[in-house]
Structures are given as structure tokens and as C-alpha cells.
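**Q** Okay, handing you the structure first.
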Protein chains: 2
Amino acid sequence: MRLLPRPFLAALALLSCLAQPALADTPVETATKDSLKEWVAFLRLPNITKRSTAEIRANADWIEDAFQRYGYTAQQLEDGETPMVYAAWPTQSPGRKTVLFYAHMDGQAVKPEEWDQESPFSPVLKTMADGAWTDLPLDRLLNGESDPDDRLFARSAADDKAPIMMLLAAMNALKAEGRGPAINIKILLDSHEEGGPPTLKDVVKRNADLLAADAVIMLDGPMHISNRPTVVYGHRGGAGFELTVFGARTELHSGHYGNYSPNPAQLLAALLATFKDECGRVTVAGFYDGVVFDDETKAAFASVPDDEAAINARLGIAQPDCVGLSYQEAINYPSFNIAGLKAADVGANRRTIIPEYATAAIGMRTVPATPPERLIALVRTHIEAQGYHLVDGEPTEEERMKYPRLASMKGGGGGKALQTPLGAPVGKWITASLKETFNAEPVRIPLMGGSVPTSGLLSLDAPIMLLPLVNADNNQHAANENMRVGNYYDGVRALHGLFLTPFETIPAD
Amino acid sequence: MRLLPRPFLAALALLSCLAQPALADTPVETATKDSLKEWVAFLRLPNITKRSTAEIRANADWIEDAFQRYGYTAQQLEDGETPMVYAAWPTQSPGRKTVLFYAHMDGQAVKPEEWDQESPFSPVLKTMADGAWTDLPLDRLLNGESDPDDRLFARSAADDKAPIMMLLAAMNALKAEGRGPAINIKILLDSHEEGGPPTLKDVVKRNADLLAADAVIMLDGPMHISNRPTVVYGHRGGAGFELTVFGARTELHSGHYGNYSPNPAQLLAALLATFKDECGRVTVAGFYDGVVFDDETKAAFASVPDDEAAINARLGIAQPDCVGLSYQEAINYPSFNIAGLKAADVGANRRTIIPEYATAAIGMRTVPATPPERLIALVRTHIEAQGYHLVDGEPTEEERMKYPRLASMKGGGGGKALQTPLGAPVGKWITASLKETFNAEPVRIPLMGGSVPTSGLLSLDAPIMLLPLVNADNNQHAANENMRVGNYYDGVRALHGLFLTPFETIPAD
């Protein structure tokens, strides 16, 4: 496959008819093509973190074997439950900077009935035709005949098995070219990114020498929606909890007690309403304290080529919330998000009752200036200021009869946010390499909205950057996850270019 | 069983030892005892309206046969899906007033795992011992040896099979006494009170001559919590709908879009919060318009022996809402109740997403001054006044891009409220009879909080009253529904007394 538009390909075909010699694939293209069958085989292995340790173990065995088959160092690092995998270019030189690439082999849970294919673990190649995704023969991909806009649909097709296979393909390209890398390549493949016990921190500490690096690059998350090469300097952290408001001790008949016994769903709604103003800004006192943007950051926001009208049309919203002046600025603030609501039942199972309690699942996103512990404490204070007495677990009889408003907050804590300075050498190195490979200025994103587990890597004491390589519209974490084939090819090119760029070529400020 | 306190029974036993003759059962007591095995057999028949028409049909067959076995008129009235049952004293006299007693044979859905017994359809006799319900042998009930405070646990034990069996027992008592009733007794047993198609109206119209009556008495709903004989002059109506607020067209990653794409659960919370003030009064303009209480009604509120501290302790609430000055007044206002809330998931299935929509199941209760259609219209106006565009079903693309706030209201309409004037002759007749039977002033409730389908009976053009005979704490509609045995005995006495009280004995004002 060539990453050229179709009219150009047609023109090439015409030249070919005129008895011109066909253009030969580059070693990078050949290595990429050769890796496609491995990618598909890898995607056939179910990998849901929360479901089965045996599933994850099978993925670890397979990827360890794959790196070894192609001649690289690979070994499993036990994490107590399932192994992670360490891989590396077979030789490391003390004269070169060392970069640890991070990706993860595990995937989010699936609801198979929501997928438009037999199984999330039976990859299907599709193309958009007349506004609908239409199946294509998988051989079109495997034979390297795909169009860049074809997509491969499977759980983890993008998040995060594609980057793992791109690493393998880019190393194979170097080998085919008979070249060694300009950096020491180390790879760590997590088995617990999407759930389960957070074992990364322990694994990294136990294998400090093996994983020691001058920089860490996480290959996770989506590229900018423009699909231009993207460098990300940080990410938001997270803090989740469940907020439950209590009503009477049992469900009540809504006829006999409606207007008399307080309805906890009504109370929860009123409480949640106090958290935001009418355009989505959090009204909890102190929530945004410490968030300030310097000129370089503001310039970075402005330089990201966001088309907000297009974003809105894609999301299907007439108007976004007004936290910040732009999408980029919005995700540089901490957020307060209701991820779920539940009280008794709606729909066919609804009953004529007053629920006994109502629960909201809250997911907050944090930025470096607003650590999770502080936000959780502010939220507690805010809830108490609305007249609530907070209990642990269920209220006691005494609490029931004493406090008119009772609620609980379960959970808390959460992952740290990360922000590598926009001027850090590692960022300049990646940016320069991408610019060289693609002959275009990469998109520089100060902070991405999502969260990745960089806190587990902090003990390496190396700057951490994110290099997303997958299309933004990949349906990450949802049904019909997919990877754009053109992005897969480009991802291998990006990594191959990075492997060949010495750290020393970082341009001066 | 005698409705006497235990110490008195012990004294009687002592008298018996002193060779005094044992007190013989009255014919009412004997008839009541004899009916207990029929009641238990009836409860063994599953009767969930929404589950199976065959289940309901088996109940109709059984109860038709039971009335016939004891020598009464009985026949099935087809309602298109399942039959209702008509029964009557075998002779009717034009010289007597005719009273149609209404009850229903069907029951609410069950979640068997929530019941503390093998099956909701295997009745279990229990007594409260050391603060816990403790099983007793069923023979204790069947042999007439129960204590009044024993309870029989089963679906429909109270709601509403007990009143049906009380009718049968009270007629049998008359027969044993060799007496005829002072009124013409007609009985209509509904098969669709708890759900399914509302066929009552059609059945009543098609059988207008058969069911013609001077008064209708519904034997449904709970007695006053004091467990004193209770007369109810009306009930609230209902109007339900589901309110859905729409967000982006799909679930979104809460990291990438939190602070940008409006969260429909947050919007729903803010919208619901506008419906009530901080102590539960509905703030929708015009919602309470027309609700006024005359002096007689206020006096009736005041005479109901509610112990609100005890109600609060039972419910487990420190403070009730402040709609009205008392519990009785509260339930004479229309109510707005969130019966359920749902957006994505909470608990183990929670995901780090922004939900695509959020839904509240709303159940309103209406009073005669606030018909359902008017309340629904006021709610629509209120929602639109909060900036919402209301759609039918899903929003179109055009609506998505045009309106920042989108919602839908599904369903509506609902059952009519009923209020028979406090001075109506039929109310005086019932009150006088109960006072005679129990030698105590009955509790007169102007309007009960729940809803019963009296609208199906309006074409009979007869005043309608409610005569609840079951204990208030029967767990109606919920798990562990139960009937207090003493109330079963007293219910037969109440009906027997009513059968023997001519309408003509109504005291003058």
C-alpha cells in the first residue's frame, strides 16, 4: 500500500501500463506489510483486563514470542497477577541515549451485541461506502492492497495493540536496511492499563535497571482530529467516586408518600445541579484554583488546528460547554463529569415508588495544579455546605433520625496528571524527528484530556512524552473500535524516523 | 381465633379449667376460620398481570368456582385478554339498595430473590419475635389458632386477595345465620388492576345492567396506620412520563470531551432541580392551582389520628417534605415524583464516559382540581421555559445542530382522581355500620395518596367509596407483602356488618 491519494495511484497504474517499471516498496513499507498478519493474529486474542488473567497471559506469551521470533530481546516481567512484557533492540550502547517506549496489550470490556460484526475479536476490514461501513475481504489488508482510509475493526485495534505492532515493524525495517538505531530502544508492554490492580509502579520499581531510560514515550491515546502528526506533553489525571443520596429506609409507594417522604433522586438532582453553572463551569469553591496558562501554552492552544464547528457536528451538539475559550483550553482545566446515574428503574421495569437511594458515578479529571486529593476534599466540603451529612456506607438509625440530608462518597484518589514543559529537550527531539519524516509541523498539544498511567513510570526519573499514533475517531473504549490503515503505515514511519534520530540533533531553542 | 388480647385469652383458659363451658365461636368467626384454607389455596396461584394471561385465567377459574361451590352466583366476564369475575348473593331484591363491591385478583410483579421465603406464591405464616419475623407452622393459621398479630406472607396476601376472601366468608356467615343481607350484594373482581390493558371501563360498559348499583365500594388499599376502621372518600389520580435529556450522539470518552461536550446527566439534574424547592414543593407555575380545602375537609385532616413522629421513625427520615401542614394535607396536593433515574452505569459497570442521554421516570399524582392533562401541559411549558426544545423520539440531525438543549417526554395521560363529598349518604352509611360493628369512630380520610382505577367504574353513575381492610404496613407492591391475621378477621366482621345495615339507616346530617 502507498500512502498516496487514489487519483495519484490511478495515474501510477497508467504509467505502469505504459511499461514504466513499478515503484518498489521501501524497506519500511515492506516491513509494515509483513507485520499486518501479526497484527490481525494479535487482535484475535481476547484481552479484557477485567475478565480473565488467562486471557492477558495468552497475550503476553504471544507478544514475547513475536519479538523473539524476529530476533529481539523479550522477556516477561511478573506483576503478581499477569506478566508484563519487556522487549528491546538486541544491542544497547552506552554512547546513545536510551528511550523506553510504553504501550499496553490489554483492552476495555466489550458488549458484543453493540458491535456490527460477529465478534470484537474477529477483526473485520471495512471501507466507508455511501455513508456506511462496508465489509471488505481481509486479504486486501494482508496483501498490502488496502486504501489508507480502510479501517480494521476489532477491540484494541487502535487502543493499544496497533502501536505495539508498529514498534515491531519499525525495528524490522531497520534490520532490513542493515542499520542500527540512533537510540537504545527499550519497550514495556503493560497488561493492566485498562483495569485490574495498578501494578505498573511495582513492576517498574522492581526492574529499575532493566527499564532505566533517558526518556519515556507512551504510545497511547488518539492523534489530533486533523490526523496530523501529534506530540502530547501531558495528560489529565483522574479521581472517581460514587455519590449516593439516601431517602427513606425502603422504597415507598409513591401514592402514599409522594409529597411527604423526601425523594433521594430529587435531592441528588438538586445537589448535582449545584456543581455546575448553566454552561458547564464547575461552581465548587476553589475547583479551578492554580490553573493559569503562560504565553507559550496559550500560543500552543492557538496553534492546534481544531475545527470546532466540525467537532460539534461530529458530536451532534449545537453548542459546547463554556469552560475555557477553546476545546484545547477546556481540557486544560479539571473537569467534573457524571459518568452514570441510577435510582430504581426507568423504562419497562419502572414502578410507582419513591426510590430508597440515588447514586451518581462521578469521574473527575485533574490537571497538575489541581491534584485529586484536593479536588475530592473540595467536593466533600461543597456537599456538606449544601446541608448534607456524609456517612461511610449506610446511615445508622441514629444518623437517619438526626440528619435531614444524608449522603455518602465512596472511592476517591486517582491517577496523577502529567505535564512535561513545552520547552523540554525530549519534546524538541520528537518534534524535529516527526517534522523530518512527514515534512510538516506536528501538532503540539500541551495536555490531552484523557488519563494514562504515567504515575507508574515516575520512579524512572525520566521525562515522559506521549506520541499518539492512532486516528482520533477510533471509537476507543466503545463498540466498533477501529484503526485507520493509513495511520498504521504512518505510525511505523514515525517510529522508524525516531529510531534513526539521535537525541543530540535536538535543535537549540 | 378471638380478637382479644393474650392476657384475656389466658384468663379465659383459666375459666375453662374451672369447668366453665368454653365460649363458642360466632357464625362470623366460624365462617372466617373456614375461609382460611381457601385464602391460602388462592395465594398459591401466581397472578402477575404483566407476566402471563394463563396465570390470571387460572385465578379467574378458581375464584368463579369458589363462589359457585358455596352456592353463590358467579360468572366470568371476558375482557378480551383475560376474564374478570362477577359474583353475587343468589337473590337480589328490588326493594333493597344495591352495592357493587370491587376488588382485584391480579398482583404486582415479584423479584423472588428479595423475598425472605422460598416463593412469593408459597404462603408463610410468621410472627415478630425479638425484632425479627419468625416462621410459624401454617396449621396454626388453618386451625384458627393464630394470634391477631401473626402475618401471612405472600404476593397479594393483602393486595388484593384478602378482601375477596373476606367477601366470601362474610356471605357464608350470613348463610350460616340463616339471614339474608339488607342490601343487594354484587361483586366485581378485576384481572388487570396492577398492569396490562385497562379493560375495566369496557367490561363495565358491556355489562351495565348486570353491574348496575346504587353505590360502589372498592376494597383496595391500606387502612390507616393506626389500624382503626377506615373509610376513604377518594384517591389521587396518576400521570406518568419519561423525561430524557440528550447529549452528544454517542457516549464520549470523558477525558477527551469532559468540559467540552455537555453532559446530559448534568443537564437532567439541573432540569429536575428546577421542579422543586428545597423542601419538596413543586415550583412549576400553576401546579397547585385550584387546590383549596374547605372547613369540613380541614376538620377531617385534623381528626385523622396520624402520629407523624412515628411515621418518620418507620420511614427512617429526620424530616418530611413541607408540602402541606400535615401528612393528610400533603397527600391532598398533586405530587411530582422521580420514580427512577438512569444514565449509563454506576457501580461495577461504570465507565469513564459522558453518557449520550439521561432519563428520569416521572410519576405524578393528581387531585380532582388538577387533572393529569393540565399537569402534563404545565410540565411541558416548564421544561421549554428552561431553554429546552422538546422532540418526539430521537432528535434529528437538524434539531441536534439547532438546539443547545434537547429533551423528550414519552407517555403521559393517566388515571383520574376521585373525590366523593364528605357529606355523601353512602359515606354516612358505611361510617355508621363500622361504628356499630367496632363500637368506635372510624378514621375518615378525604383522599388517599395512591391511585385506584375508579375511572373504569364511572359509567355506573353511582357514588364510589373506598373501604380499605388491610394493614397499612403490608409491603404492598414490594417484597415480603403480608397480611395481618387480625385484620383478616376484622375485615370479615366489617363486611358482615355492612351486609346487614340497610342503606335507609343512614343518619341524617
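By order in the C-alpha cells, chains are A, B, ...; within a chain, residues start at 1; ligands start at 1, following the order shown.
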Chain A residues within 6 Å of chain B, counting only C-alpha atoms: which ones, as a PyMOL selection string?
**A** chain A and resi 248-249+255-256+258-262+269-270+273+315-321+323+330+335+339-346+353-354+361+400-404+449-450
**Q** Check the DSSP output for the backbone and give back, as a PyMOL selection string, the residues of region 147-234 of chain A in strand (DSSP E or B).
**A** chain A and resi 151-153+184-190+215-218+222+230-232+234
**Q** Create the file for the chosen residues now, containing all heavy atoms and written as a CSV table (one decimal), in the first residue's frame.
**A**
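This went into out06.csv:
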chain,number,residue,atom,x,y,z
A,151,ARG,N,-10.4,0.7,7.3
A,151,ARG,CA,-10.3,0.6,8.7
A,151,ARG,C,-10.3,-0.9,9.1
A,151,ARG,O,-11.1,-1.6,8.6
A,151,ARG,CB,-11.4,1.3,9.5
A,151,ARG,CG,-11.7,2.7,9.1
A,151,ARG,CD,-10.9,3.7,9.9
A,151,ARG,NE,-11.2,5.1,9.6
A,151,ARG,CZ,-11.7,6.0,10.4
A,151,ARG,NH1,-11.9,5.7,11.7
A,151,ARG,NH2,-11.9,7.2,10.0
A,152,LEU,N,-9.5,-1.2,10.1
A,152,LEU,CA,-9.6,-2.6,10.7
A,152,LEU,C,-10.4,-2.4,12.0
A,152,LEU,O,-10.0,-1.7,12.9
A,152,LEU,CB,-8.2,-3.2,10.9
A,152,LEU,CG,-8.3,-4.6,11.3
A,152,LEU,CD1,-8.8,-5.5,10.2
A,152,LEU,CD2,-6.9,-5.1,11.7
A,153,PHE,N,-11.5,-3.2,12.1
A,153,PHE,CA,-12.4,-3.1,13.3
A,153,PHE,C,-12.1,-4.3,14.2
A,153,PHE,O,-12.3,-5.4,13.8
A,153,PHE,CB,-13.9,-3.1,12.9
A,153,PHE,CG,-14.4,-1.8,12.3
A,153,PHE,CD1,-14.0,-1.4,11.0
A,153,PHE,CD2,-15.2,-0.9,13.1
A,153,PHE,CE1,-14.4,-0.2,10.5
A,153,PHE,CE2,-15.6,0.3,12.5
A,153,PHE,CZ,-15.3,0.6,11.3
A,184,ASN,N,19.0,3.8,22.1
A,184,ASN,CA,18.8,2.5,22.6
A,184,ASN,C,17.3,2.3,22.8
A,184,ASN,O,16.6,3.1,23.5
A,184,ASN,CB,19.5,2.3,24.0
A,184,ASN,CG,21.0,2.3,23.9
A,184,ASN,OD1,21.5,1.7,22.9
A,184,ASN,ND2,21.7,3.0,24.8
A,185,ILE,N,16.7,1.3,22.1
A,185,ILE,CA,15.3,1.1,22.1
A,185,ILE,C,14.9,0.1,23.2
A,185,ILE,O,15.3,-1.1,23.2
A,185,ILE,CB,14.8,0.5,20.8
A,185,ILE,CG1,15.2,1.4,19.6
A,185,ILE,CG2,13.3,0.3,20.8
A,185,ILE,CD1,15.0,0.8,18.2
A,186,LYS,N,14.1,0.5,24.1
A,186,LYS,CA,13.5,-0.4,25.1
A,186,LYS,C,12.0,-0.3,25.0
A,186,LYS,O,11.5,0.8,24.7
A,186,LYS,CB,13.9,0.0,26.5
A,186,LYS,CG,15.4,-0.2,26.8
A,186,LYS,CD,15.7,0.1,28.3
A,186,LYS,CE,17.2,-0.2,28.6
A,186,LYS,NZ,17.5,0.1,30.1
A,187,ILE,N,11.3,-1.4,25.3
A,187,ILE,CA,9.8,-1.4,25.2
A,187,ILE,C,9.2,-2.0,26.4
A,187,ILE,O,9.7,-3.1,26.9
A,187,ILE,CB,9.4,-2.2,23.9
A,187,ILE,CG1,9.9,-1.5,22.7
A,187,ILE,CG2,7.9,-2.4,23.9
A,187,ILE,CD1,9.8,-2.4,21.4
A,188,LEU,N,8.2,-1.4,27.0
A,188,LEU,CA,7.5,-2.0,28.1
A,188,LEU,C,6.0,-2.1,27.7
A,188,LEU,O,5.4,-1.1,27.4
A,188,LEU,CB,7.7,-1.2,29.4
A,188,LEU,CG,6.9,-1.7,30.6
A,188,LEU,CD1,7.3,-3.1,31.0
A,188,LEU,CD2,7.0,-0.7,31.8
A,189,LEU,N,5.5,-3.3,27.8
A,189,LEU,CA,4.1,-3.6,27.4
A,189,LEU,C,3.3,-3.9,28.6
A,189,LEU,O,3.4,-5.0,29.2
A,189,LEU,CB,4.0,-4.7,26.3
A,189,LEU,CG,4.9,-4.4,25.1
A,189,LEU,CD1,4.8,-5.5,24.1
A,189,LEU,CD2,4.5,-3.1,24.4
A,190,ASP,N,2.4,-3.0,29.0
A,190,ASP,CA,1.6,-3.1,30.2
A,190,ASP,C,0.5,-4.1,30.0
A,190,ASP,O,0.0,-4.3,28.9
A,190,ASP,CB,1.0,-1.8,30.6
A,190,ASP,CG,0.5,-1.7,32.0
A,190,ASP,OD1,0.4,-2.7,32.7
A,190,ASP,OD2,0.3,-0.5,32.4
A,215,ALA,N,14.5,8.9,28.6
A,215,ALA,CA,13.1,9.5,28.3
A,215,ALA,C,12.2,8.3,28.1
A,215,ALA,O,12.6,7.2,27.8
A,215,ALA,CB,13.2,10.3,27.0
A,216,VAL,N,10.9,8.6,28.4
A,216,VAL,CA,9.9,7.6,28.2
A,216,VAL,C,8.9,8.2,27.2
A,216,VAL,O,8.5,9.3,27.3
A,216,VAL,CB,9.1,7.3,29.5
A,216,VAL,CG1,8.0,6.3,29.3
A,216,VAL,CG2,10.1,6.8,30.6
A,217,ILE,N,8.5,7.3,26.2
A,217,ILE,CA,7.5,7.8,25.3
A,217,ILE,C,6.3,6.8,25.3
A,217,ILE,O,6.4,5.6,25.1
A,217,ILE,CB,8.0,7.8,23.8
A,217,ILE,CG1,9.2,8.8,23.8
A,217,ILE,CG2,6.9,8.2,22.8
A,217,ILE,CD1,9.8,9.0,22.5
A,218,MET,N,5.1,7.3,25.7
A,218,MET,CA,3.9,6.5,25.7
A,218,MET,C,3.3,6.5,24.4
A,218,MET,O,2.9,7.6,23.9
A,218,MET,CB,3.0,7.0,26.8
A,218,MET,CG,3.5,7.0,28.2
A,218,MET,SD,2.2,7.1,29.4
A,218,MET,CE,1.7,5.4,29.6
A,222,PRO,N,-5.3,9.0,21.2
A,222,PRO,CA,-5.5,9.3,19.8
A,222,PRO,C,-4.7,10.6,19.4
A,222,PRO,O,-4.4,11.4,20.1
A,222,PRO,CB,-7.0,9.7,19.8
A,222,PRO,CG,-7.3,10.2,21.2
A,222,PRO,CD,-6.3,9.6,22.1
A,230,THR,N,1.2,14.2,15.8
A,230,THR,CA,0.8,14.8,17.0
A,230,THR,C,1.8,14.5,18.2
A,230,THR,O,2.2,13.3,18.3
A,230,THR,CB,-0.6,14.3,17.4
A,230,THR,OG1,-1.5,14.5,16.3
A,230,THR,CG2,-1.1,15.1,18.7
A,231,VAL,N,2.2,15.5,18.9
A,231,VAL,CA,3.0,15.3,20.1
A,231,VAL,C,2.3,15.9,21.3
A,231,VAL,O,1.7,17.0,21.2
A,231,VAL,CB,4.4,16.1,20.0
A,231,VAL,CG1,5.3,15.6,21.1
A,231,VAL,CG2,5.0,15.8,18.6
A,232,VAL,N,2.2,15.1,22.4
A,232,VAL,CA,1.5,15.5,23.5
A,232,VAL,C,2.4,15.6,24.7
A,232,VAL,O,3.1,14.6,25.0
A,232,VAL,CB,0.3,14.5,23.8
A,232,VAL,CG1,-0.5,14.9,25.0
A,232,VAL,CG2,-0.6,14.4,22.6
A,234,GLY,N,1.5,16.1,28.0
A,234,GLY,CA,1.0,15.7,29.3
A,234,GLY,C,-0.4,15.2,29.2
A,234,GLY,O,-1.0,15.1,28.1
**Q** For region 426-483 of chain B versus region 90-103 of chain B, which residues have an atom no more than 10 Å away, and what is each residue's nearest atom pair and distance in Å rounded to one decimal, using only C-alpha atoms, chain-then-number order, as a Markdown table?
**A**
| residue | atom | partner | partner_atom | distance |
| --- | --- | --- | --- | --- |
| B:Val426 | CA | B:Val99 | CA | 9.8 |
| B:Thr454 | CA | B:Tyr102 | CA | 9.5 |
| B:Leu457 | CA | B:Tyr102 | CA | 9.5 |
| B:Leu460 | CA | B:Leu100 | CA | 9.9 |
| B:Ala462 | CA | B:Val99 | CA | 9.3 |
| B:Ile464 | CA | B:Leu100 | CA | 9.4 |
| B:Met465 | CA | B:Phe101 | CA | 9.8 |
| B:Leu466 | CA | B:Tyr102 | CA | 9.3 |
| B:Leu467 | CA | B:Phe101 | CA | 9.6 |
**Q** Using Å and a single decimal, report how far CA of Leu141 (chain B) sits from CA of Asp116 (chain B).
**A**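 Pair CA of Asp116 (chain B) / CA of Leu141 (chain B) returns 19.1 Å.
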**Q** Between A:Met166, A:Ile56, A:Val28, A:Val443, which is the closest to Gly107 (chain A) once you count only C-alpha atoms?
**A**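 The shortest atom-to-atom distance to Gly107 (chain A) comes from A:Ile56.
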**Q** Skipping near chain neighbours, those fewer than 5 positions away, what residues fall within 9 Å of Gln117 (chain A) using only C-alpha atoms, listed as JSON, numbers by chain?
**A** {"A": [112, 122, 123, 124, 153, 154, 480]}
**Q** Let's have the selection written as a PDB file, in the first residue's frame, with C-alpha atoms.
**A**
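Final output, result_22.pdb:
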ATOM      1  CA  PRO A 112     -20.592  -7.850  21.726  1.00  0.00           C
ATOM      2  CA  SER A 122     -12.625 -11.359  14.817  1.00  0.00           C
ATOM      3  CA  PRO A 123     -11.072  -8.379  13.015  1.00  0.00           C
ATOM      4  CA  VAL A 124     -13.030  -7.083  10.011  1.00  0.00           C
ATOM      5  CA  PHE A 153     -12.385  -3.079  13.309  1.00  0.00           C
ATOM      6  CA  ALA A 154     -11.600  -5.031  16.498  1.00  0.00           C
ATOM      7  CA  ASN A 480     -16.778  -0.787  16.863  1.00  0.00           C
TER       8      ASN A 480
END
**Q** Tell me, as a short mmCIF file (atom, residue, chain, number, x, y, z; two decimals) with C-alpha atoms, in the first residue's frame, which residues lie within 12 Å of Arg493 (chain A), counting only C-alpha atoms; anything in the same chain fewer than 6 positions away does not count.
**A**
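Wrote selection-v7.cif, looks like this:
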data_model
loop_
_atom_site.label_atom_id
_atom_site.label_comp_id
_atom_site.auth_asym_id
_atom_site.auth_seq_id
_atom_site.Cartn_x
_atom_site.Cartn_y
_atom_site.Cartn_z
CA LEU A 3 0.04 6.50 1.27
CA THR A 26 10.68 0.90 0.63
CA PRO A 27 12.01 -1.32 3.46
CA VAL A 28 9.64 0.49 5.84
CA GLU A 29 6.67 -0.30 3.61
CA THR A 30 7.72 -3.93 3.24
CA ALA A 31 8.19 -4.34 7.00
CA THR A 32 4.82 -2.70 7.61
CA PRO A 163 1.35 0.79 18.42
CA MET A 166 4.22 -0.63 14.74
CA LEU A 167 7.23 -0.88 17.08
CA LEU A 168 7.92 -4.39 15.84
CA ALA A 169 7.55 -3.34 12.19
CA ALA A 170 9.79 -0.27 12.60
CA MET A 171 12.54 -2.39 14.18
CA ASN A 172 12.16 -4.91 11.35
CA ALA A 173 12.58 -2.09 8.83
CA LEU A 174 15.86 -1.05 10.47
CA PRO A 229 1.46 14.05 13.40
CA SER A 433 12.00 13.87 14.01
CA LEU A 434 8.32 13.96 13.05
CA LYS A 435 8.88 17.13 11.03
CA GLU A 436 11.71 15.42 9.16
CA THR A 437 9.70 12.23 8.50
CA PHE A 438 6.47 13.89 7.38
CA LEU A 469 -0.31 7.26 16.51
CA GLY A 486 -3.17 4.73 6.73
CA ASN A 487 -2.40 5.62 10.34
CA PHE A 499 14.77 5.32 15.97
CA LEU A 500 17.15 6.96 13.48
#
**Q** So, counting only C-alpha atoms, which residue among A:Leu458, A:His382, A:Ala300, A:Pro453 is closest to Tyr233 (chain A)?
**A**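 So, comparing all the options, the nearest one is A:Ala300.
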**Q** Which one of B:Met105, B:Ile48, B:Ala208, B:Ala239 sits closest to Arg374 (chain B) if you count only C-alpha atoms?
**A** B:Ala239
